>>> print(open('structure-v7.tsv').read())   # TSV, C-alpha atoms
chain	number	residue	atom	x	y	z
P	438	MET	CA	73.07	42.70	-8.50
P	439	ASP	CA	71.49	39.92	-6.47
P	440	PHE	CA	71.18	36.99	-8.87
P	441	ILE	CA	69.58	34.48	-6.50
P	442	ALA	CA	65.83	33.96	-6.92
P	443	LYS	CA	63.89	35.28	-3.93
P	444	ASN	CA	62.10	32.00	-3.17
P	445	VAL	CA	65.42	30.13	-3.26
P	446	ALA	CA	67.28	32.70	-1.16
P	447	GLU	CA	64.64	32.31	1.56
P	448	LEU	CA	65.09	28.52	1.82
P	449	SER	CA	66.68	27.02	4.91
P	450	PRO	CA	69.41	24.40	4.33
P	451	SER	CA	68.60	20.86	5.51
P	452	LEU	CA	69.76	20.58	9.13
P	453	THR	CA	69.49	16.79	8.98
P	454	LEU	CA	72.08	16.62	6.21
P	455	SER	CA	74.19	19.32	7.89
P	456	ILE	CA	74.45	17.44	11.19
P	457	THR	CA	75.38	14.21	9.40
P	458	SER	CA	78.09	16.05	7.46
P	459	GLN	CA	79.52	17.55	10.66
P	460	ALA	CA	79.65	14.15	12.31
P	461	LYS	CA	81.37	12.60	9.29
P	462	ALA	CA	83.94	15.43	9.22
P	463	LEU	CA	84.80	14.86	12.88
P	464	LYS	CA	85.09	11.12	12.32
P	465	LYS	CA	87.56	11.75	9.49
P	466	GLN	CA	89.67	13.70	11.98
P	467	GLY	CA	89.75	10.63	14.21
P	468	VAL	CA	87.18	11.89	16.73
P	469	ASP	CA	85.04	9.16	18.32
P	470	VAL	CA	81.66	10.56	17.27
P	471	LEU	CA	78.47	8.59	17.75
P	472	SER	CA	76.03	9.76	15.11
P	473	PHE	CA	72.24	9.52	15.46
P	474	GLY	CA	71.49	11.97	12.67
P	475	ALA	CA	71.13	9.98	9.48
P	476	GLY	CA	67.67	8.99	8.29
P	477	GLU	CA	68.78	5.88	6.47
P	478	PRO	CA	69.02	2.17	7.30
P	479	ASP	CA	72.48	1.00	8.30
P	480	PHE	CA	72.02	-2.22	6.33
P	481	ASN	CA	73.45	-2.89	2.89
P	482	THR	CA	71.03	-3.15	-0.01
P	483	PRO	CA	70.05	-6.84	-0.30
P	484	ALA	CA	72.28	-8.75	-2.71
P	485	HIS	CA	69.58	-9.83	-5.16
P	486	ILE	CA	68.66	-6.18	-5.73
P	487	THR	CA	72.21	-5.06	-6.45
P	488	GLU	CA	72.76	-8.10	-8.66
P	489	ALA	CA	69.71	-7.18	-10.73
P	490	ALA	CA	71.10	-3.70	-11.32
P	491	ILE	CA	74.54	-5.08	-12.17
P	492	GLN	CA	72.98	-7.52	-14.61
P	493	ALA	CA	71.04	-4.67	-16.18
P	494	LEU	CA	74.32	-2.84	-16.76
P	495	HIS	CA	75.86	-5.95	-18.33
P	496	ASP	CA	72.76	-6.21	-20.53
P	497	GLY	CA	73.22	-2.66	-21.79
P	498	GLN	CA	70.28	-1.16	-19.90
P	499	THR	CA	71.83	2.29	-19.87
P	500	ARG	CA	69.53	4.26	-22.16
P	501	TYR	CA	66.52	6.48	-21.52
P	502	THR	CA	63.25	4.96	-20.41
P	503	GLU	CA	59.86	6.67	-20.44
P	504	SER	CA	60.07	9.77	-18.26
P	505	ALA	CA	57.68	8.13	-15.76
P	506	GLY	CA	59.89	5.04	-15.56
P	507	LEU	CA	59.93	1.53	-16.99
P	508	LEU	CA	56.47	0.12	-17.66
P	509	GLU	CA	57.50	-3.15	-15.98
P	510	LEU	CA	58.43	-1.26	-12.82
P	511	ARG	CA	55.20	0.76	-12.81
P	512	GLU	CA	53.24	-2.44	-13.28
P	513	SER	CA	55.07	-3.97	-10.31
P	514	ILE	CA	54.30	-0.87	-8.22
P	515	ALA	CA	50.63	-1.04	-9.21
P	516	THR	CA	50.53	-4.69	-8.10
P	517	LYS	CA	52.28	-3.82	-4.83
P	518	LEU	CA	49.81	-1.00	-4.10
P	519	SER	CA	46.88	-3.31	-4.80
P	520	VAL	CA	48.15	-6.22	-2.69
P	521	ASP	CA	49.80	-4.34	0.19
P	522	ASN	CA	47.69	-1.19	0.39
P	523	ASN	CA	44.34	-2.08	-1.17
P	524	ILE	CA	44.66	0.82	-3.63
P	525	SER	CA	43.97	0.45	-7.34
P	526	TYR	CA	46.11	2.41	-9.81
P	527	GLU	CA	46.88	1.95	-13.49
P	528	PRO	CA	50.57	2.13	-14.46
P	529	SER	CA	49.74	5.39	-16.27
P	530	GLN	CA	48.87	6.91	-12.88
P	531	ILE	CA	52.29	6.08	-11.46
P	532	SER	CA	55.49	8.05	-11.89
P	533	VAL	CA	58.88	6.78	-10.75
P	534	ASN	CA	61.03	9.63	-9.51
P	535	CYS	CA	64.55	10.31	-8.25
P	536	GLY	CA	63.78	9.47	-4.63
P	537	ALA	CA	60.62	9.95	-2.54
P	538	LYS	CA	61.80	13.48	-1.76
P	539	HIS	CA	61.67	14.21	-5.48
P	540	SER	CA	58.25	12.54	-5.60
P	541	CYS	CA	56.94	14.90	-2.91
P	542	TYR	CA	58.31	17.94	-4.70
P	543	ASN	CA	56.90	16.90	-8.07
P	544	ALA	CA	53.49	16.33	-6.50
P	545	ILE	CA	53.47	19.70	-4.73
P	546	LEU	CA	54.68	21.51	-7.84
P	547	ALA	CA	51.96	19.83	-9.91
P	548	VAL	CA	49.04	21.11	-7.84
P	549	VAL	CA	50.05	24.14	-5.73
P	550	ASN	CA	49.51	27.59	-7.20
P	551	PRO	CA	51.13	30.77	-5.83
P	552	GLY	CA	49.22	31.74	-2.72
P	553	ASP	CA	47.66	28.32	-2.12
P	554	GLU	CA	47.85	27.18	1.48
P	555	VAL	CA	49.16	23.75	2.45
P	556	ILE	CA	48.48	22.44	5.96
P	557	ILE	CA	51.51	20.73	7.49
P	558	PRO	CA	51.29	19.13	10.95
P	559	ALA	CA	54.34	19.83	13.12
P	560	PRO	CA	56.68	18.23	13.97
P	561	TYR	CA	57.16	17.74	10.24
P	562	TRP	CA	59.81	16.37	7.92
P	563	THR	CA	62.08	19.31	7.36
P	564	SER	CA	61.64	19.60	3.58
P	565	TYR	CA	57.84	19.90	3.36
P	566	PRO	CA	57.54	23.64	4.07
P	567	GLU	CA	60.48	24.49	1.81
P	568	MET	CA	58.97	22.52	-1.07
P	569	VAL	CA	55.68	24.38	-0.65
P	570	ARG	CA	57.51	27.72	-0.65
P	571	LEU	CA	59.45	26.79	-3.78
P	572	ALA	CA	56.13	26.14	-5.52
P	573	GLY	CA	54.90	29.57	-4.42
P	574	GLY	CA	52.53	28.16	-1.83
P	575	VAL	CA	52.08	29.11	1.81
P	576	PRO	CA	52.87	26.48	4.46
P	577	VAL	CA	50.32	26.55	7.29
P	578	ILE	CA	52.03	24.89	10.23
P	579	VAL	CA	49.79	23.19	12.79
P	580	GLU	CA	51.51	22.37	16.09
P	581	THR	CA	50.42	18.95	17.31
P	582	LYS	CA	50.62	17.73	20.90
P	583	ALA	CA	52.67	14.97	22.47
P	584	GLU	CA	49.59	13.76	24.35
P	585	ASN	CA	47.96	13.10	20.96
P	586	GLY	CA	50.98	11.13	19.79
P	587	TRP	CA	52.17	14.09	17.70
P	588	LYS	CA	49.20	13.61	15.31
P	589	ILE	CA	46.89	16.27	13.94
P	590	THR	CA	43.34	16.08	15.27
P	591	PRO	CA	40.18	16.82	13.27
P	592	ASP	CA	39.65	20.01	15.30
P	593	GLU	CA	43.20	21.17	14.59
P	594	PHE	CA	42.73	20.40	10.89
P	595	GLU	CA	39.49	22.37	10.70
P	596	GLY	CA	40.97	25.24	12.69
P	597	ALA	CA	43.82	25.61	10.22
P	598	MET	CA	41.67	25.70	7.09
P	599	SER	CA	40.86	28.78	5.08
P	600	PRO	CA	39.32	29.42	1.63
P	601	LEU	CA	42.90	29.21	0.29
P	602	THR	CA	43.60	25.70	1.63
P	603	LYS	CA	44.63	23.41	-1.24
P	604	MET	CA	46.28	20.45	0.45
P	605	ILE	CA	47.17	18.71	3.70
P	606	ILE	CA	50.37	16.69	4.03
P	607	LEU	CA	50.22	13.49	6.06
P	608	ASN	CA	53.26	11.39	6.92
P	609	SER	CA	52.45	8.05	8.54
P	610	PRO	CA	54.57	6.46	9.87
P	611	GLY	CA	56.07	9.85	10.60
P	612	ASN	CA	59.48	11.47	10.57
P	613	PRO	CA	60.62	12.74	13.10
P	614	THR	CA	58.03	11.46	15.55
P	615	GLY	CA	57.48	7.82	14.63
P	616	SER	CA	53.74	8.45	14.92
P	617	VAL	CA	51.31	6.10	13.16
P	618	TYR	CA	47.73	7.16	12.37
P	619	SER	CA	45.03	4.62	13.11
P	620	ARG	CA	42.24	3.80	10.66
P	621	ALA	CA	39.76	5.85	12.72
P	622	GLU	CA	42.11	8.85	12.74
P	623	MET	CA	42.61	8.58	8.99
P	624	GLU	CA	38.85	8.35	8.44
P	625	ALA	CA	38.23	11.50	10.49
P	626	ILE	CA	40.83	13.47	8.53
P	627	ALA	CA	39.55	12.11	5.22
P	628	GLU	CA	35.98	13.13	6.04
P	629	ILE	CA	37.07	16.73	6.55
P	630	ALA	CA	39.18	16.76	3.40
P	631	LEU	CA	36.26	15.42	1.40
P	632	GLY	CA	33.88	17.99	2.80
P	633	GLU	CA	36.16	20.86	1.80
P	634	ASP	CA	37.63	19.32	-1.39
P	635	ILE	CA	41.19	19.43	-0.01
P	636	LEU	CA	43.92	17.33	-1.61
P	637	ILE	CA	45.84	14.87	0.57
P	638	LEU	CA	49.53	14.21	0.02
P	639	SER	CA	50.16	10.92	1.83
P	640	ASP	CA	53.88	10.27	2.37
P	641	GLU	CA	54.14	6.56	3.18
P	642	ILE	CA	57.88	5.99	2.77
P	643	TYR	CA	58.14	4.30	6.21
P	644	GLU	CA	55.10	2.05	5.73
P	645	LYS	CA	57.02	-1.21	6.25
P	646	LEU	CA	58.46	-0.05	9.57
P	647	VAL	CA	55.59	-0.30	12.08
P	648	TYR	CA	55.77	-1.95	15.49
P	649	ALA	CA	53.82	-3.07	18.54
P	650	GLY	CA	50.92	-4.49	16.55
P	651	GLN	CA	50.30	-1.30	14.61
P	652	GLU	CA	48.76	-1.40	11.13
P	653	HIS	CA	49.77	0.90	8.30
P	654	ILE	CA	46.73	2.44	6.63
P	655	SER	CA	46.95	4.05	3.20
P	656	ILE	CA	44.41	6.84	3.33
P	657	ALA	CA	43.58	6.39	-0.36
P	658	SER	CA	42.22	2.93	0.45
P	659	LEU	CA	39.34	4.31	2.56
P	660	SER	CA	36.99	5.04	-0.35
P	661	LYS	CA	36.93	5.93	-4.03
P	662	GLU	CA	36.17	9.55	-3.09
P	663	VAL	CA	39.24	9.76	-0.84
P	664	HIS	CA	41.31	7.93	-3.47
P	665	ASP	CA	40.44	10.65	-5.97
P	666	LEU	CA	41.75	13.37	-3.64
P	667	THR	CA	44.97	11.60	-2.65
P	668	ILE	CA	48.51	11.57	-4.00
P	669	THR	CA	50.31	8.57	-2.52
P	670	ILE	CA	54.07	8.84	-2.10
P	671	ASN	CA	56.36	5.89	-1.50
P	672	GLY	CA	59.75	4.53	-2.52
P	673	PHE	CA	62.53	2.05	-1.95
P	674	SER	CA	64.97	3.82	0.35
P	675	LYS	CA	63.72	2.80	3.80
P	676	ALA	CA	62.14	-0.63	3.26
P	677	TYR	CA	64.95	-1.99	1.07
P	678	ALA	CA	67.95	0.03	2.33
P	679	MET	CA	68.24	1.76	-1.07
P	680	THR	CA	68.74	5.38	-0.01
P	681	GLY	CA	71.53	6.09	-2.49
P	682	TRP	CA	69.63	4.56	-5.39
P	683	ARG	CA	67.27	7.58	-5.44
P	684	LEU	CA	64.03	5.89	-6.42
P	685	GLY	CA	60.61	6.97	-5.22
P	686	TYR	CA	57.19	7.08	-6.81
P	687	THR	CA	53.87	8.90	-6.92
P	688	ALA	CA	50.46	7.33	-7.51
P	689	ALA	CA	47.73	9.86	-8.23
P	690	PRO	CA	44.50	10.64	-10.05
P	691	LYS	CA	45.13	10.66	-13.80
P	692	ALA	CA	45.18	14.43	-14.35
P	693	ILE	CA	47.68	14.94	-11.50
P	694	ALA	CA	49.76	11.95	-12.64
P	695	THR	CA	49.97	13.46	-16.13
P	696	ALA	CA	51.08	16.80	-14.68
P	697	ILE	CA	53.77	15.09	-12.58
P	698	ASP	CA	55.04	13.24	-15.65
P	699	THR	CA	55.15	16.50	-17.61
P	700	ILE	CA	57.19	18.18	-14.87
P	701	GLN	CA	59.60	15.25	-14.77
P	702	SER	CA	59.94	15.17	-18.56
P	703	HIS	CA	61.27	18.75	-18.43
P	704	THR	CA	63.49	18.38	-15.35
P	705	THR	CA	65.20	15.05	-14.65
P	706	SER	CA	63.64	12.89	-17.38
P	707	ASN	CA	63.54	9.26	-16.25
P	708	PRO	CA	65.17	8.01	-13.05
P	709	THR	CA	68.40	6.03	-13.52
P	710	THR	CA	67.60	3.14	-15.83
P	711	PHE	CA	69.67	0.32	-14.33
P	712	ALA	CA	68.55	1.31	-10.81
P	713	GLN	CA	64.96	0.68	-11.90
P	714	PHE	CA	65.82	-2.95	-12.57
P	715	GLY	CA	67.00	-3.19	-8.98
P	716	ALA	CA	63.64	-1.78	-7.87
P	717	ILE	CA	61.79	-4.42	-9.88
P	718	ALA	CA	63.83	-7.09	-8.11
P	719	ALA	CA	63.05	-5.47	-4.75
P	720	LEU	CA	59.29	-5.58	-5.30
P	721	ASN	CA	59.17	-9.03	-6.87
P	722	GLY	CA	61.75	-10.75	-4.67
P	723	ASP	CA	61.62	-12.33	-1.21
P	724	GLN	CA	60.09	-9.86	1.25
P	725	GLN	CA	61.53	-11.66	4.30
P	726	ILE	CA	64.46	-9.26	4.16
P	727	VAL	CA	62.07	-6.41	4.95
P	728	ALA	CA	60.62	-8.30	7.92
P	729	ASP	CA	64.13	-9.06	9.18
P	730	MET	CA	65.16	-5.41	9.07
P	731	ARG	CA	61.95	-4.37	10.81
P	732	GLU	CA	62.59	-6.91	13.58
P	733	GLU	CA	66.11	-5.54	14.10
P	734	PHE	CA	64.82	-1.96	14.19
P	735	ASP	CA	62.16	-2.95	16.72
P	736	MET	CA	64.74	-4.50	19.03
P	737	ARG	CA	66.74	-1.28	18.94
P	738	ARG	CA	63.57	0.79	19.43
P	739	GLN	CA	62.58	-1.08	22.56
P	740	TYR	CA	66.07	-0.88	24.04
P	741	MET	CA	66.39	2.83	23.31
P	742	LEU	CA	62.93	3.54	24.70
P	743	GLY	CA	63.89	1.99	28.02
P	744	ARG	CA	67.09	3.99	28.20
P	745	LEU	CA	65.40	7.29	27.36
P	746	GLN	CA	62.52	6.73	29.78
P	747	ALA	CA	65.07	6.29	32.59
P	748	ILE	CA	66.45	9.83	32.11
P	749	LYS	CA	64.57	12.11	34.50
P	750	ASN	CA	64.81	15.54	32.85
P	751	ILE	CA	63.60	14.66	29.36
P	752	ARG	CA	60.29	13.33	27.98
P	753	VAL	CA	59.61	10.96	25.15
P	754	VAL	CA	56.55	9.57	23.36
P	755	GLU	CA	56.95	5.95	22.28
P	756	PRO	CA	57.39	5.88	18.49
P	757	LEU	CA	55.34	3.17	16.78
P	758	GLY	CA	56.86	3.46	13.32
P	759	ALA	CA	59.90	4.59	11.28
P	760	PHE	CA	63.25	4.64	13.14
P	761	TYR	CA	63.33	7.86	15.16
P	762	PHE	CA	62.79	9.16	18.67
P	763	LEU	CA	61.72	12.76	19.13
P	764	VAL	CA	62.95	13.70	22.59
P	765	ASN	CA	61.42	16.63	24.47
P	766	ILE	CA	64.25	18.59	26.13
P	767	GLU	CA	62.11	21.48	27.38
P	768	PRO	CA	62.72	20.62	31.09
P	769	ILE	CA	66.44	21.24	30.50
P	770	GLY	CA	65.66	24.70	29.12
P	771	ILE	CA	68.15	24.78	26.24
P	772	LYS	CA	67.01	25.45	22.67
P	773	SER	CA	67.55	22.62	20.23
P	774	VAL	CA	70.43	23.97	18.12
P	775	ASN	CA	72.39	25.02	21.21
P	776	PHE	CA	71.61	21.67	22.85
P	777	ALA	CA	72.77	19.70	19.79
P	778	GLU	CA	75.96	21.74	19.51
P	779	LYS	CA	76.80	21.24	23.20
P	780	LEU	CA	76.04	17.52	23.01
P	781	LEU	CA	78.32	17.13	19.98
P	782	SER	CA	81.07	19.25	21.53
P	783	LYS	CA	81.06	17.75	25.02
P	784	GLN	CA	79.95	14.16	24.48
P	785	LYS	CA	80.65	13.64	20.76
P	786	VAL	CA	77.04	12.60	20.14
P	787	ALA	CA	75.38	13.92	16.97
P	788	VAL	CA	71.59	14.47	16.92
P	789	VAL	CA	69.31	16.67	14.84
P	790	PRO	CA	67.89	19.79	16.53
P	791	GLY	CA	64.11	19.84	16.62
P	792	VAL	CA	63.88	23.35	15.20
P	793	ALA	CA	64.47	21.65	11.83
P	794	PHE	CA	61.10	19.93	12.30
P	795	GLY	CA	59.20	22.90	13.68
P	796	ALA	CA	59.58	21.70	17.28
P	797	GLU	CA	62.08	23.95	19.06
P	798	TYR	CA	62.58	22.18	22.39
P	799	THR	CA	63.17	18.73	20.95
P	800	ILE	CA	65.95	16.71	19.37
P	801	ARG	CA	65.75	13.71	17.06
P	802	PHE	CA	67.64	10.47	17.51
P	803	SER	CA	67.75	7.95	14.67
P	804	TYR	CA	68.11	4.34	15.79
P	805	ALA	CA	69.19	3.22	12.34
P	806	THR	CA	72.52	2.25	13.85
P	807	SER	CA	73.95	-0.67	15.81
P	808	LEU	CA	73.00	-1.61	19.36
P	809	ASP	CA	76.60	-1.01	20.42
P	810	VAL	CA	76.43	2.58	19.14
P	811	ILE	CA	73.00	3.06	20.74
P	812	ASN	CA	74.24	1.75	24.10
P	813	ALA	CA	77.34	3.96	24.11
P	814	GLY	CA	75.34	6.94	22.85
P	815	MET	CA	72.71	6.57	25.56
P	816	ASP	CA	75.46	6.43	28.19
P	817	ARG	CA	76.89	9.72	26.93
P	818	PHE	CA	73.48	11.33	26.49
P	819	GLU	CA	72.38	10.38	29.99
P	820	GLU	CA	75.58	11.80	31.43
P	821	PHE	CA	75.03	15.06	29.51
P	822	CYS	CA	71.43	15.35	30.70
P	823	ASN	CA	72.39	14.61	34.31
P	824	GLN	CA	74.83	17.52	34.16
P	825	HIS	CA	71.99	19.89	33.26
>>> encode(input="structure-v7.tsv", output="structure tokens")
Amino acid sequence: MDFIAKNVAELSPSLTLSITSQAKALKKQGVDVLSFGAGEPDFNTPAHITEAAIQALHDGQTRYTESAGLLELRESIATKLSVDNNISYEPSQISVNCGAKHSCYNAILAVVNPGDEVIIPAPYWTSYPEMVRLAGGVPVIVETKAENGWKITPDEFEGAMSPLTKMIILNSPGNPTGSVYSRAEMEAIAEIALGEDILILSDEIYEKLVYAGQEHISIASLSKEVHDLTITINGFSKAYAMTGWRLGYTAAPKAIATAIDTIQSHTTSNPTTFAQFGAIAALNGDQQIVADMREEFDMRRQYMLGRLQAIKNIRVVEPLGAFYFLVNIEPIGIKSVNFAEKLLSKQKVAVVPGVAFGAEYTIRFSYATSLDVINAGMDRFEEFCNQH
């Protein structure tokens, strides 16, 4: 008898985590692997955040909280959303979850019925379609174009809609492309969503990492009407180097927020209690640490851009947010998994194949690593490309 549920059996494992695991295994064997796979900052969590969590442990903060998280933390998130994003939410509309990935899944599970269609611009973060499938929904993948900065256009949005469309997922700044939607682009998408009563899931986990004078726009800030159709996703992993803490959050219209809380109450219950005290310290502490990390990422971004643009048989769109480059390898004529395997085997450079993001002839580099690693990795990558 086949005991595995059909919707689970059809899931694809995360290639991003798989590549990182392969690179770590080779490193343990003493192989000089340069890894560009991980989607996490290479900085330690700032000391005042870890100290707050340690103090919480010493204070006995090890019991359950409300399933949606500590009221003090949700109040701090509400203040942050108001000040940083010009969005107004009550703490009761906010749910703190076990990472922004968990936040996305809770939100999708709360609103997607079996058969509902969810529009997902590609290249996309690898987990979006699988989450939709787990909820019984149908991912509708819309291939975007490099010449549009890998961003969905109003025409592409309208062309993908059907009477079954329930939601569109937006990720700005984006993974894996580093694309950042302008205010005008957000307004055009919001107008269509409003006209068709389509929910917007706005994944803003990279909001603090924007460069070259770009501005992060929270789509829910555009109007009350858009606000009432939007579920905003954010967290602590990227801005505060807290990936292992597993803390994200949703902010949503009250009925959806209540549904998310109900789901969480029956699955994980509250996120880790003492970690929440670290999150409070992150939001209420000195934000210069975030600016410092962004400045370091930008320096790496600019250096890596110059190196990649100098390689003749690849193409790259300048990323204006997050910490990734999506490199078009189509001129080389090798599919992404094969390309990534050859690059790891021959040059000991680990990247994520673009097929994981719905973009076959691409690979993703993360520049959340040191300049020394980037320099050496670009040397090896350029040599590999020149041989093909």
>>> atom_distance(input="structure-v7.tsv", atom1="CA of Asn444 (chain P)", atom2="CA of Val569 (chain P)")
10.3 Å
>>> closest_residue(input="structure-v7.tsv", among="P:Cys822, P:Ala559, P:Ile589, P:Ile811", to="Glu797 (chain P)", atoms="only C-alpha atoms")
P:Ala559
>>> closest_residue(input="structure-v7.tsv", among="P:Gly611, P:Pro483, P:Gly467, P:Pro551", to="Ala676 (chain P)", atoms="all atoms listed in the file")
P:Pro483
>>> atom_distance(input="structure-v7.tsv", atom1="CA of Ile766 (chain P)", atom2="CA of Val617 (chain P)")
22.2 Å
>>> residues_around(input="structure-v7.tsv", residues="region 492-508 of chain P", least_positions_apart="6", cutoff="6 Å", atoms="only C-alpha atoms", output="count of residues only")
8
>>> residues_around(input="structure-v7.tsv", residues="Glu662 (chain P)", least_positions_apart="6", cutoff="12 Å", atoms="only C-alpha atoms", output="JSON, numbers by chain")
{"P": [624, 627, 628, 630, 631, 632, 634, 635, 636, 637, 656, 690]}
>>> residues_around(input="structure-v7.tsv", residues="Ile748 (chain P)", least_positions_apart="6", cutoff="12 Å", atoms="all atoms listed in the file", output="PDB file with C-alpha atoms, keeping the file's coordinate frame")
ATOM      1  CA  MET P 741      66.390   2.830  23.310  1.00  0.00           C
ATOM      2  CA  LEU P 742      62.930   3.540  24.700  1.00  0.00           C
ATOM      3  CA  VAL P 764      62.950  13.700  22.590  1.00  0.00           C
ATOM      4  CA  ASN P 765      61.420  16.630  24.470  1.00  0.00           C
ATOM      5  CA  ILE P 766      64.250  18.590  26.130  1.00  0.00           C
ATOM      6  CA  PRO P 768      62.720  20.620  31.090  1.00  0.00           C
ATOM      7  CA  ILE P 769      66.440  21.240  30.500  1.00  0.00           C
ATOM      8  CA  MET P 815      72.710   6.570  25.560  1.00  0.00           C
ATOM      9  CA  ASP P 816      75.460   6.430  28.190  1.00  0.00           C
ATOM     10  CA  ARG P 817      76.890   9.720  26.930  1.00  0.00           C
ATOM     11  CA  PHE P 818      73.480  11.330  26.490  1.00  0.00           C
ATOM     12  CA  GLU P 819      72.380  10.380  29.990  1.00  0.00           C
ATOM     13  CA  GLU P 820      75.580  11.800  31.430  1.00  0.00           C
ATOM     14  CA  PHE P 821      75.030  15.060  29.510  1.00  0.00           C
ATOM     15  CA  CYS P 822      71.430  15.350  30.700  1.00  0.00           C
ATOM     16  CA  ASN P 823      72.390  14.610  34.310  1.00  0.00           C
ATOM     17  CA  GLN P 824      74.830  17.520  34.160  1.00  0.00           C
ATOM     18  CA  HIS P 825      71.990  19.890  33.260  1.00  0.00           C
TER      19      HIS P 825
END
>>> atom_distance(input="structure-v7.tsv", atom1="CA of Gly758 (chain P)", atom2="CA of Arg738 (chain P)")
9.5 Å
>>> closest_residue(input="structure-v7.tsv", among="P:Glu755, P:Glu633, P:Glu767, P:Glu652", to="Glu595 (chain P)", atoms="only C-alpha atoms")
P:Glu633
>>> residues_around(input="structure-v7.tsv", residues="Ile514 (chain P)", least_positions_apart="2", cutoff="10 Å", atoms="all atoms listed in the file", output="PDB file with C-alpha atoms, in the coordinates of the input")
ATOM      1  CA  LEU P 508      56.470   0.120 -17.660  1.00  0.00           C
ATOM      2  CA  GLU P 509      57.500  -3.150 -15.980  1.00  0.00           C
ATOM      3  CA  LEU P 510      58.430  -1.260 -12.820  1.00  0.00           C
ATOM      4  CA  ARG P 511      55.200   0.760 -12.810  1.00  0.00           C
ATOM      5  CA  GLU P 512      53.240  -2.440 -13.280  1.00  0.00           C
ATOM      6  CA  THR P 516      50.530  -4.690  -8.100  1.00  0.00           C
ATOM      7  CA  LYS P 517      52.280  -3.820  -4.830  1.00  0.00           C
ATOM      8  CA  LEU P 518      49.810  -1.000  -4.100  1.00  0.00           C
ATOM      9  CA  SER P 519      46.880  -3.310  -4.800  1.00  0.00           C
ATOM     10  CA  VAL P 520      48.150  -6.220  -2.690  1.00  0.00           C
ATOM     11  CA  TYR P 526      46.110   2.410  -9.810  1.00  0.00           C
ATOM     12  CA  GLU P 527      46.880   1.950 -13.490  1.00  0.00           C
ATOM     13  CA  PRO P 528      50.570   2.130 -14.460  1.00  0.00           C
ATOM     14  CA  ILE P 531      52.290   6.080 -11.460  1.00  0.00           C
ATOM     15  CA  SER P 532      55.490   8.050 -11.890  1.00  0.00           C
ATOM     16  CA  VAL P 533      58.880   6.780 -10.750  1.00  0.00           C
ATOM     17  CA  ASN P 671      56.360   5.890  -1.500  1.00  0.00           C
ATOM     18  CA  GLY P 672      59.750   4.530  -2.520  1.00  0.00           C
ATOM     19  CA  TYR P 686      57.190   7.080  -6.810  1.00  0.00           C
ATOM     20  CA  THR P 687      53.870   8.900  -6.920  1.00  0.00           C
ATOM     21  CA  ALA P 688      50.460   7.330  -7.510  1.00  0.00           C
ATOM     22  CA  ALA P 716      63.640  -1.780  -7.870  1.00  0.00           C
ATOM     23  CA  ILE P 717      61.790  -4.420  -9.880  1.00  0.00           C
ATOM     24  CA  LEU P 720      59.290  -5.580  -5.300  1.00  0.00           C
ATOM     25  CA  ASN P 721      59.170  -9.030  -6.870  1.00  0.00           C
TER      26      ASN P 721
END
>>> closest_residue(input="structure-v7.tsv", among="P:Asp521, P:Pro756, P:Ala442, P:His703", to="Gly586 (chain P)", atoms="all atoms listed in the file")
P:Pro756
>>> closest_residue(input="structure-v7.tsv", among="P:Val470, P:Ala793, P:Leu808, P:Ala547", to="Pro450 (chain P)", atoms="only C-alpha atoms")
P:Ala793
>>> closest_residue(input="structure-v7.tsv", among="P:Ser674, P:Asn481, P:Asn812, P:Ser619", to="Lys645 (chain P)", atoms="all atoms listed in the file")
P:Ser674
>>> residues_around(input="structure-v7.tsv", residues="Pro610 (chain P)", least_positions_apart="2", cutoff="7 Å", atoms="only C-alpha atoms", output="number ranges by chain")
P: 608, 615-617, 641, 643-644, 758-759
>>> write_last_selection(input="structure-v7.tsv", atoms="C-alpha atoms", output="PDB file, in the coordinates of the input")
ATOM      1  CA  ASN P 608      53.260  11.390   6.920  1.00  0.00           C
ATOM      2  CA  GLY P 615      57.480   7.820  14.630  1.00  0.00           C
ATOM      3  CA  SER P 616      53.740   8.450  14.920  1.00  0.00           C
ATOM      4  CA  VAL P 617      51.310   6.100  13.160  1.00  0.00           C
ATOM      5  CA  GLU P 641      54.140   6.560   3.180  1.00  0.00           C
ATOM      6  CA  TYR P 643      58.140   4.300   6.210  1.00  0.00           C
ATOM      7  CA  GLU P 644      55.100   2.050   5.730  1.00  0.00           C
ATOM      8  CA  GLY P 758      56.860   3.460  13.320  1.00  0.00           C
ATOM      9  CA  ALA P 759      59.900   4.590  11.280  1.00  0.00           C
TER      10      ALA P 759
END
>>> decode(input="structure-v7.tsv", residues="region 601-615 of chain P", atoms="C-alpha atoms", output="compact mmCIF listing (two decimals), in the first residue's frame")
# COMPACT_ATOMS: atom_id res chain seq x y z
CA LEU P 601 -10.78 30.62 -10.76
CA THR P 602 -8.02 33.13 -9.90
CA LYS P 603 -7.90 33.67 -6.13
CA MET P 604 -4.51 35.24 -5.50
CA ILE P 605 -1.34 36.67 -6.98
CA ILE P 606 2.00 36.30 -5.18
CA LEU P 607 4.39 39.24 -5.32
CA ASN P 608 7.94 39.14 -3.96
CA SER P 609 9.69 42.50 -3.93
CA PRO P 610 12.63 42.68 -3.52
CA GLY P 611 12.64 39.32 -5.23
CA ASN P 612 14.36 35.97 -4.84
CA PRO P 613 16.03 34.80 -7.12
CA THR P 614 16.10 37.87 -9.36
CA GLY P 615 16.76 40.79 -7.02
